[in-house]
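Listing of entry_14.txt; format and content: compact mmCIF, C-alpha atoms and all ligand atoms.
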# COMPACT_ATOMS: atom_id res chain seq x y z
CA MET A 1 74.95 250.81 136.36
CA ILE A 2 73.42 248.66 139.07
CA ASP A 3 71.69 250.20 142.10
CA GLN A 4 74.52 251.16 144.45
CA ARG A 5 72.80 249.72 147.51
CA ILE A 6 72.35 246.30 145.85
CA GLU A 7 75.96 246.40 144.71
CA GLU A 8 77.23 247.11 148.23
CA ALA A 9 75.00 244.54 149.94
CA ALA A 10 75.79 241.81 147.41
CA HIS A 11 79.49 242.55 147.53
CA ALA A 12 79.49 242.21 151.31
CA TYR A 13 77.65 238.87 151.05
CA GLU A 14 79.97 237.33 148.43
CA PRO A 15 82.10 235.24 150.81
CA GLU A 16 78.92 233.91 152.46
CA ILE A 17 77.28 233.12 149.13
CA LEU A 18 80.28 231.07 148.06
CA ARG A 19 80.50 229.33 151.42
CA PHE A 20 76.85 228.39 151.36
CA ALA A 21 77.03 227.18 147.73
CA GLN A 22 79.89 224.93 148.84
CA GLU A 23 77.89 223.65 151.77
CA ILE A 24 74.99 222.80 149.47
CA ILE A 25 77.27 220.94 147.04
CA ARG A 26 78.78 218.96 149.92
CA THR A 27 75.32 217.78 150.94
CA ARG A 28 74.44 214.83 148.68
CA SER A 29 70.84 215.08 147.49
CA TYR A 30 69.98 212.43 144.95
CA SER A 31 66.30 212.33 143.95
CA THR A 32 64.18 210.95 146.86
CA GLN A 33 67.10 211.64 149.24
CA GLU A 34 66.88 215.43 149.56
CA GLU A 35 65.98 215.58 153.26
CA ASN A 36 69.34 216.75 154.60
CA LEU A 37 69.57 219.49 152.02
CA VAL A 38 66.02 220.63 152.73
CA LYS A 39 66.98 221.02 156.39
CA LEU A 40 70.12 222.97 155.50
CA ILE A 41 68.21 225.39 153.24
CA ARG A 42 65.38 225.78 155.72
CA HIS A 43 67.88 226.72 158.41
CA LYS A 44 69.56 229.24 156.12
CA MET A 45 66.22 230.84 155.22
CA GLU A 46 65.48 231.29 158.92
CA GLU A 47 68.95 232.69 159.54
CA LEU A 48 68.44 235.19 156.68
CA ASN A 49 65.24 236.41 158.33
CA PHE A 50 62.71 235.03 155.83
CA ASP A 51 59.11 235.82 156.79
CA GLU A 52 57.86 232.26 156.34
CA VAL A 53 59.47 228.88 155.71
CA THR A 54 57.55 225.67 155.01
CA VAL A 55 58.20 222.17 153.71
CA ASP A 56 55.35 220.85 151.57
CA GLY A 57 53.95 217.33 151.39
CA ILE A 58 56.27 216.09 148.64
CA GLY A 59 59.27 217.53 150.51
CA SER A 60 60.11 220.78 148.70
CA VAL A 61 61.24 223.69 150.88
CA ILE A 62 59.54 227.04 150.24
CA GLY A 63 60.48 230.35 151.84
CA ARG A 64 58.93 233.79 151.52
CA VAL A 65 60.08 237.35 152.01
CA GLY A 66 57.64 240.27 151.86
CA HIS A 67 53.87 240.51 152.15
CA GLY A 68 52.84 242.03 148.80
CA PRO A 69 49.71 240.86 146.97
CA ARG A 70 51.58 239.59 143.90
CA LYS A 71 53.51 236.33 144.11
CA LEU A 72 56.87 235.97 142.37
CA LEU A 73 58.61 232.59 142.71
CA TYR A 74 62.26 231.70 142.11
CA ASP A 75 62.52 227.94 141.69
CA ALA A 76 65.58 225.71 141.81
CA HIS A 77 65.41 221.94 142.08
CA ILE A 78 67.74 220.66 144.75
CA ASP A 79 68.13 217.04 143.66
CA THR A 80 71.02 216.00 141.44
CA VAL A 81 71.92 213.14 139.17
CA TRP A 82 74.29 210.45 140.39
CA ALA A 83 78.02 211.16 140.75
CA GLU A 84 79.65 208.06 142.19
CA ASP A 85 81.68 207.54 138.98
CA ARG A 86 84.68 208.94 140.82
CA ALA A 87 87.15 207.79 138.10
CA ASN A 88 85.54 210.22 135.63
CA TRP A 89 86.12 213.18 137.91
CA ARG A 90 89.34 215.15 138.25
CA VAL A 91 88.09 216.44 141.63
CA ASP A 92 85.88 214.89 144.30
CA PRO A 93 82.30 215.72 143.11
CA PHE A 94 81.24 216.42 146.70
CA ALA A 95 84.25 218.38 147.96
CA ALA A 96 83.15 221.72 146.41
CA VAL A 97 86.67 222.45 145.21
CA VAL A 98 87.44 226.05 144.22
CA GLU A 99 90.05 226.73 141.53
CA GLY A 100 90.31 230.38 140.50
CA ASN A 101 86.85 231.53 139.36
CA LEU A 102 85.45 227.99 139.18
CA LEU A 103 83.52 226.07 141.82
CA TYR A 104 83.44 222.33 141.05
CA GLY A 105 80.95 219.72 142.12
CA ARG A 106 77.87 217.71 141.24
CA GLY A 107 74.99 220.15 141.00
CA SER A 108 77.20 223.24 140.83
CA SER A 109 75.64 224.39 137.53
CA ASP A 110 72.53 222.19 137.81
CA GLU A 111 71.51 224.00 139.99
CA LYS A 112 72.73 224.16 143.55
CA ALA A 113 74.79 227.32 143.19
CA ALA A 114 71.64 229.08 142.01
CA MET A 115 69.98 228.27 145.34
CA ALA A 116 72.70 230.12 147.25
CA ALA A 117 72.39 233.13 144.92
CA MET A 118 68.58 233.14 145.20
CA LEU A 119 68.57 233.03 148.98
CA TYR A 120 70.95 235.95 149.33
CA GLY A 121 69.25 237.85 146.50
CA ALA A 122 65.92 237.57 148.31
CA ALA A 123 67.50 238.58 151.63
CA ILE A 124 68.99 241.68 149.98
CA ALA A 125 65.68 242.64 148.35
CA LYS A 126 63.95 242.38 151.70
CA ARG A 127 66.58 244.28 153.62
CA LEU A 128 66.69 247.13 151.13
CA GLY A 129 62.90 247.32 150.72
CA LEU A 130 62.99 246.44 147.00
CA LEU A 131 60.04 244.06 146.87
CA ASP A 132 57.64 246.68 145.46
CA GLY A 133 54.34 244.96 146.15
CA PHE A 134 55.63 241.43 145.68
CA SER A 135 55.76 238.48 147.98
CA LEU A 136 58.95 236.81 146.83
CA TYR A 137 59.05 233.03 147.23
CA ILE A 138 62.06 230.74 146.91
CA SER A 139 61.45 227.05 146.29
CA GLY A 140 63.96 224.24 146.55
CA THR A 141 62.01 221.54 144.72
CA VAL A 142 62.58 217.78 144.78
CA LEU A 143 62.48 214.95 142.24
CA GLU A 144 63.15 217.13 139.19
CA GLU A 145 65.88 214.92 137.80
CA THR A 146 63.58 211.90 137.76
CA CYS A 147 60.32 213.63 136.79
CA ASP A 148 60.49 217.31 135.82
CA GLY A 149 57.49 219.30 136.97
CA LEU A 150 56.15 216.65 139.34
CA SER A 151 56.90 218.64 142.50
CA VAL A 152 55.32 221.69 140.85
CA VAL A 153 52.10 219.80 140.15
CA HIS A 154 52.11 218.84 143.80
CA MET A 155 52.80 222.42 144.94
CA ILE A 156 49.93 223.84 142.88
CA GLU A 157 47.30 221.10 142.91
CA HIS A 158 47.78 219.58 146.35
CA ASP A 159 49.24 222.38 148.45
CA GLY A 160 47.29 225.14 146.71
CA PHE A 161 50.24 227.47 146.21
CA ARG A 162 50.06 229.13 142.79
CA PRO A 163 52.58 231.89 142.00
CA ASP A 164 51.79 234.68 139.52
CA TYR A 165 55.26 234.73 137.95
CA VAL A 166 58.12 232.24 137.98
CA VAL A 167 61.85 232.40 137.39
CA ILE A 168 63.37 228.97 136.80
CA CYS A 169 66.95 229.14 137.99
CA GLU A 170 68.43 226.37 135.84
CA PRO A 171 71.67 227.40 134.12
CA THR A 172 71.27 230.05 131.41
CA SER A 173 74.81 231.50 131.41
CA LEU A 174 73.17 234.65 132.87
CA ASP A 175 71.04 235.07 129.72
CA VAL A 176 67.25 235.22 129.82
CA TYR A 177 65.44 232.11 128.60
CA ARG A 178 61.77 231.95 127.67
CA GLY A 179 61.00 228.41 126.59
CA GLN A 180 62.03 224.85 125.99
CA ARG A 181 60.99 221.82 124.00
CA GLY A 182 58.72 219.38 125.80
CA ARG A 183 59.03 215.64 126.11
CA VAL A 184 57.01 212.46 125.90
CA GLU A 185 58.23 209.01 126.95
CA LEU A 186 56.66 206.19 124.99
CA LYS A 187 56.50 202.44 125.32
CA ILE A 188 55.63 200.33 122.29
CA THR A 189 54.88 196.64 122.71
CA THR A 190 54.28 194.13 119.95
CA THR A 191 53.16 190.55 120.40
CA GLY A 192 53.82 187.40 118.37
CA THR A 193 53.62 183.68 119.05
CA SER A 194 56.32 181.55 120.64
CA ALA A 195 57.49 178.24 119.22
CA HIS A 196 60.56 176.02 119.43
CA ALA A 197 63.54 177.66 117.73
CA ALA A 198 63.98 174.45 115.74
CA HIS A 199 60.55 175.12 114.19
CA PRO A 200 60.46 178.89 113.69
CA ASP A 201 57.75 178.57 111.02
CA LYS A 202 55.36 177.48 113.80
CA GLY A 203 55.77 180.80 115.61
CA ASP A 204 55.47 184.50 114.87
CA ASN A 205 58.65 186.37 115.83
CA ALA A 206 57.88 189.57 117.80
CA ILE A 207 61.43 190.89 117.30
CA TYR A 208 61.12 190.83 113.50
CA LYS A 209 57.88 192.79 113.74
CA MET A 210 59.45 195.29 116.10
CA ALA A 211 62.48 195.66 113.83
CA GLN A 212 60.23 197.04 111.10
CA THR A 213 58.61 199.43 113.58
CA VAL A 214 62.03 200.72 114.64
CA LEU A 215 62.96 201.41 111.00
CA ASN A 216 59.62 203.19 110.47
CA ILE A 217 60.34 205.41 113.49
CA LYS A 218 63.73 206.38 112.09
CA LYS A 219 61.96 207.53 108.91
CA LEU A 220 59.23 209.26 110.90
CA THR A 221 61.74 211.60 112.57
CA ALA A 222 62.32 213.35 109.24
CA THR A 223 58.69 214.49 109.24
CA PHE A 224 58.71 216.18 112.68
CA ARG A 225 57.68 219.84 112.93
CA GLU A 226 60.22 222.61 113.08
CA ASP A 227 59.74 225.75 115.17
CA PRO A 228 61.88 228.83 114.43
CA PHE A 229 62.55 229.47 118.14
CA LEU A 230 62.63 226.02 119.77
CA GLY A 231 63.84 224.02 116.77
CA LYS A 232 62.70 220.58 115.73
CA GLY A 233 61.40 217.62 117.71
CA THR A 234 63.45 214.43 117.96
CA ALA A 235 62.87 210.78 118.77
CA VAL A 236 65.36 208.25 120.07
CA VAL A 237 64.62 204.56 120.48
CA SER A 238 66.60 204.09 123.67
CA ILE A 239 65.82 200.58 124.97
CA ILE A 240 64.73 197.37 123.24
CA GLU A 241 63.60 194.27 125.10
CA SER A 242 62.02 190.93 124.30
CA ASN A 243 60.50 187.94 126.00
CA ALA A 244 60.82 184.32 124.93
CA PRO A 245 60.36 181.08 126.88
CA SER A 246 64.09 180.41 126.42
CA ILE A 247 67.03 181.25 124.19
CA ASN A 248 65.88 178.35 122.00
CA SER A 249 62.45 179.82 121.37
CA VAL A 250 60.73 182.30 119.09
CA PRO A 251 60.01 185.46 121.14
CA TYR A 252 56.35 186.22 121.78
CA GLU A 253 56.79 189.86 122.84
CA SER A 254 59.07 192.79 122.15
CA THR A 255 59.07 196.25 123.74
CA ILE A 256 60.87 199.46 122.90
CA TYR A 257 61.14 202.74 124.82
CA ILE A 258 61.33 206.09 123.09
CA ASP A 259 62.39 209.55 124.22
CA ARG A 260 60.43 211.96 122.03
CA ARG A 261 61.32 215.67 122.36
CA ILE A 262 58.45 217.84 121.16
CA THR A 263 58.33 221.36 119.79
CA VAL A 264 55.62 224.00 119.45
CA GLY A 265 52.38 222.44 118.11
CA GLU A 266 53.21 218.89 119.24
CA THR A 267 51.34 217.37 122.19
CA LYS A 268 50.97 213.90 123.67
CA GLU A 269 47.88 213.42 121.51
CA THR A 270 49.67 214.27 118.25
CA VAL A 271 52.62 212.09 119.27
CA LEU A 272 50.48 209.07 120.12
CA GLU A 273 48.69 209.41 116.81
CA GLU A 274 51.86 209.66 114.72
CA PHE A 275 53.40 206.62 116.41
CA ARG A 276 50.21 204.56 116.16
CA ASN A 277 50.25 205.30 112.44
CA ALA A 278 53.94 204.36 112.13
CA VAL A 279 53.97 200.95 113.84
CA ASN A 280 54.16 197.70 111.93
CA GLU A 281 51.09 195.45 112.40
CA PRO A 282 49.07 197.91 114.52
CA GLU A 283 46.55 195.18 115.42
CA HIS A 284 49.30 193.41 117.43
CA THR A 285 50.99 196.53 118.80
CA THR A 286 50.23 198.93 121.64
CA VAL A 287 51.59 202.48 121.93
CA GLU A 288 51.37 204.12 125.36
CA LEU A 289 52.93 206.74 127.60
CA THR A 290 55.21 205.47 130.37
CA GLN A 291 54.42 206.22 134.00
CA TYR A 292 56.71 207.64 136.66
CA GLU A 293 56.24 206.21 140.12
CA ASP A 294 58.30 206.69 143.26
CA THR A 295 58.22 207.63 146.94
CA SER A 296 59.45 211.07 148.03
CA TRP A 297 61.71 211.53 151.05
CA THR A 298 58.63 212.46 153.09
CA GLY A 299 57.12 209.04 152.33
CA LEU A 300 54.57 210.31 149.82
CA HIS A 301 53.81 207.92 146.97
CA VAL A 302 53.88 209.85 143.71
CA GLN A 303 52.85 208.92 140.20
CA GLN A 304 52.54 210.75 136.91
CA GLU A 305 52.42 209.96 133.21
CA LYS A 306 55.57 211.01 131.44
CA TYR A 307 54.25 213.90 129.40
CA PHE A 308 56.06 217.19 129.75
CA PRO A 309 54.48 219.95 127.63
CA THR A 310 56.44 222.38 125.47
CA TRP A 311 56.29 226.03 126.54
CA VAL A 312 57.26 229.43 125.18
CA LEU A 313 56.64 232.83 126.75
CA ASP A 314 56.13 235.73 124.33
CA GLU A 315 59.28 237.80 123.90
CA ASN A 316 57.33 240.97 124.70
CA HIS A 317 55.85 239.64 127.92
CA PRO A 318 56.48 242.00 130.87
CA LEU A 319 58.38 239.25 132.70
CA VAL A 320 60.78 238.80 129.77
CA ARG A 321 61.26 242.58 129.54
CA ALA A 322 61.89 242.85 133.28
CA GLY A 323 64.34 239.94 133.14
CA VAL A 324 66.26 241.51 130.26
CA GLU A 325 66.41 244.88 132.03
CA ALA A 326 67.64 243.35 135.28
CA ALA A 327 70.21 241.15 133.51
CA ALA A 328 71.48 244.08 131.44
CA GLU A 329 71.90 246.20 134.54
CA VAL A 330 73.76 243.49 136.40
CA ARG A 331 75.98 242.44 133.50
CA GLY A 332 76.56 245.83 131.93
CA GLU A 333 75.58 244.39 128.54
CA THR A 334 72.35 243.22 126.90
CA PRO A 335 71.75 239.52 127.56
CA ALA A 336 70.68 237.09 124.86
CA VAL A 337 67.06 235.96 124.98
CA SER A 338 67.13 232.26 124.29
CA ARG A 339 65.81 228.82 125.29
CA TRP A 340 66.94 225.60 126.92
CA ILE A 341 67.67 222.48 124.92
CA PHE A 342 67.01 220.29 127.97
CA SER A 343 63.90 220.14 130.14
CA THR A 344 63.02 221.98 133.35
CA ASN A 345 60.22 222.44 135.87
CA GLY A 346 58.85 224.96 133.34
CA VAL A 347 56.97 222.02 131.78
CA ALA A 348 54.60 222.31 134.74
CA PHE A 349 54.74 226.01 135.70
CA MET A 350 54.16 227.25 132.17
CA GLY A 351 53.56 224.11 130.06
CA ARG A 352 50.80 222.77 132.26
CA PHE A 353 49.56 225.71 134.36
CA GLN A 354 50.32 228.64 131.97
CA ILE A 355 52.02 230.67 134.68
CA PRO A 356 54.35 233.18 132.96
CA SER A 357 57.89 231.85 133.43
CA ILE A 358 61.39 232.78 132.41
CA GLY A 359 64.78 231.23 133.08
CA PHE A 360 67.77 232.93 134.62
CA GLY A 361 70.61 231.15 136.36
CA PRO A 362 74.35 230.94 136.88
CA GLY A 363 76.35 228.33 134.99
CA ASP A 364 76.02 226.69 131.58
CA GLU A 365 73.47 224.16 130.42
CA TRP A 366 76.08 221.90 128.78
CA LEU A 367 77.73 221.30 132.18
CA ALA A 368 74.58 219.78 133.68
CA HIS A 369 75.07 216.06 134.39
CA ALA A 370 78.69 216.27 133.13
CA ALA A 371 81.74 214.90 134.92
CA ASN A 372 83.81 217.76 136.38
CA GLU A 373 80.71 219.97 136.48
CA TYR A 374 81.53 223.50 137.60
CA VAL A 375 80.02 226.98 137.90
CA ARG A 376 81.76 230.33 137.50
CA ILE A 377 81.86 231.98 140.92
CA SER A 378 81.40 235.37 139.27
CA ASP A 379 78.08 234.06 137.82
CA LEU A 380 76.98 233.25 141.33
CA TYR A 381 77.57 236.77 142.55
CA GLN A 382 75.94 238.37 139.50
CA ALA A 383 72.93 236.09 139.83
CA ALA A 384 72.45 237.18 143.45
CA ARG A 385 72.31 240.81 142.23
CA PHE A 386 69.81 239.84 139.51
CA TYR A 387 67.54 238.05 141.99
CA ALA A 388 67.61 241.10 144.29
CA LEU A 389 66.83 243.48 141.41
CA LEU A 390 64.13 241.64 139.47
CA PRO A 391 61.06 242.36 141.69
CA SER A 392 61.48 246.13 141.32
CA LYS A 393 61.99 245.79 137.54
CA LEU A 394 58.91 243.61 137.23
CA ALA A 395 56.87 246.04 139.35
CA LYS A 396 57.53 248.71 136.70
CA GLU A 397 56.32 246.42 133.89
CA VAL A 398 53.09 245.06 135.38
ZN ZN B 401 68.49 221.13 136.58

Give the structure from the file, written as structure tokens.
Amino acid sequence: MIDQRIEEAAHAYEPEILRFAQEIIRTRSYSTQEENLVKLIRHKMEELNFDEVTVDGIGSVIGRVGHGPRKLLYDAHIDTVWAEDRANWRVDPFAAVVEGNLLYGRGSSDEKAAMAAMLYGAAIAKRLGLLDGFSLYISGTVLEETCDGLSVVHMIEHDGFRPDYVVICEPTSLDVYRGQRGRVELKITTTGTSAHAAHPDKGDNAIYKMAQTVLNIKKLTATFREDPFLGKGTAVVSIIESNAPSINSVPYESTIYIDRRITVGETKETVLEEFRNAVNEPEHTTVELTQYEDTSWTGLHVQQEKYFPTWVLDENHPLVRAGVEAAAEVRGETPAVSRWIFSTNGVAFMGRFQIPSIGFGPGDEWLAHAANEYVRISDLYQAARFYALLPSKLAKEV
């Protein structure tokens, strides 16, 4: 049975939580264009009596309640993927339509509704004095959809804010997640020699060379490692390009791009090595990581290689135990302890900086990026209770 005071406070806030989730969904916030949503969330944090609200250099909004020595962070990215494909949607993706228990809209599951639940959860914890030695931070991070973890690297390395524990509020169907596969983006380029297409024997066709490399990669995927918890890595050749002086010429260059999902024990170094060993004619071929480069809404130029490390938190870690206890109390049943198939900011929090992290959020992973994306409104309300309850559960474990 959940703490009666949390139950009463959360119940009273439910109409507001829904209203604010709708307001967030109605505020378009594509990556690099999050400014309006940052302002909306900042204003709400102030209205809910947060003790401190800041916007960092890359443009993420961070609020705090409480003054305890230990820092617990709830993170939700506030950017979304594109949703102007109106014909694929039964409802307007930015109207925040409610039908029964479902709230529709781009970002409803991934993960705007979570932000509303987090804000009210933190406000409840503060009001009821349930922070138990924690400073509880809420971050609305930017640029996750284009480069997961980038805003976290900025938060920790440039702005010097390093939490002790993190809850990533991507959709988990109200289960507790403790890991995900990582990711590497690769670019392979092979060079040949151009010649007139009427005299192909005078040239060296880069596409033919690359074709053999592509077939080698398909075979290579069968050899990838398998992890009992996270599963197996994958590789997809997603784009193929070539350059030739004209359509009537032998191409002198061909490039492919690869999305390589990595599991436990695989790193960018192991991936680079396996691909360098798999390419056809290695003396004429380069294998490299791709780079992300963009400008945040604050005007900051950002750049990072596209390596997103795998991470898993031990199932007996106090944060996992606290998460399971809080989720069980809120749901009235034991939650599953599982992992994401997709990628999250956890690649930086835990993958890069080894800060203990778990996932807990309303909505389902499979709805992320989908047309007619929705979130169960009941998930939203239960998540708010979870976010209010977790600090006191964690305080008992650590
Ligand atoms: Zn997401």

Report task. Kindly work out which residues sit at most 8 Å from ligand ZN 401 (chain B), using all atoms listed in the file, and give the list as a PyMOL selection string. Result -> chain A and resi 76-77+80+107+109-111+144-145+170-171+343-344+368

Query raised in the report: Neighbours of A:Ala114 within 10 Å (all atoms listed in the file; same-chain residues fewer than 3 positions away dropped), as a PyMOL selection string?
Result: chain A and resi 17+21+74-78+107-111+117-119+168-171+360-363+375+379-381+383-384+387

Report task. Mind giving me the straight-line distance from atom CA of A:His196 to atom CA of A:Pro245 in Å, one decimal? Result -> 9.0 Å

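The residue that comes closest to A:Lys232, out of A:Leu215, A:Val142, A:Ile341, A:Ile124 and on the basis of only C-alpha atoms, is A:Ile341.
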
Query raised in the report: If we count all atoms listed in the file, what is near A:Gly323 at a cut-off of 7 Å, once residues fewer than 3 positions away on the same chain are taken out, given as an MDAnalysis selection string?
Result: chainID A and resid 176 319:320 326:327 390

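Taking only C-alpha atoms into account, those protein, DNA and RNA residues with any atom at most 6 Å away from (85.7, 215.3, 137.2) amount to A:Asn88, A:Trp89, A:Arg90, A:Val91, A:Ala371, A:Asn372.
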
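Taking atom CA of A:Ser29 as the reference point, atom CA of A:Val81 is found at 8.6 Å.
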
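Atom CA of A:Glu325 lies 19.3 Å from atom CA of A:Asp164.
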
Report task. Could you give me, as a PyMOL selection string, the residues that sit within 9 Å of (65.7, 220.9, 118.2) in the file's coordinates, counting all atoms listed in the file? Result -> chain A and resi 181+226-227+230-234+261-263+341

Query raised in the report: What lies within 7 Å of A:Gly149 using all atoms listed in the file, ignoring chain neighbours under 2 positions off, as a PyMOL selection string?
Result: chain A and resi 144+147+151-153+345-348

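Proximity of A:Ala10, A:Leu136, A:Ala95, A:Met155 to A:Phe353, computed with all atoms listed in the file, is greatest for A:Met155.
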
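Closest approach to A:Val55 from the set A:Thr298, A:Ser238, A:Thr213, A:Thr286 is made by A:Thr298, with distances taken over only C-alpha atoms.
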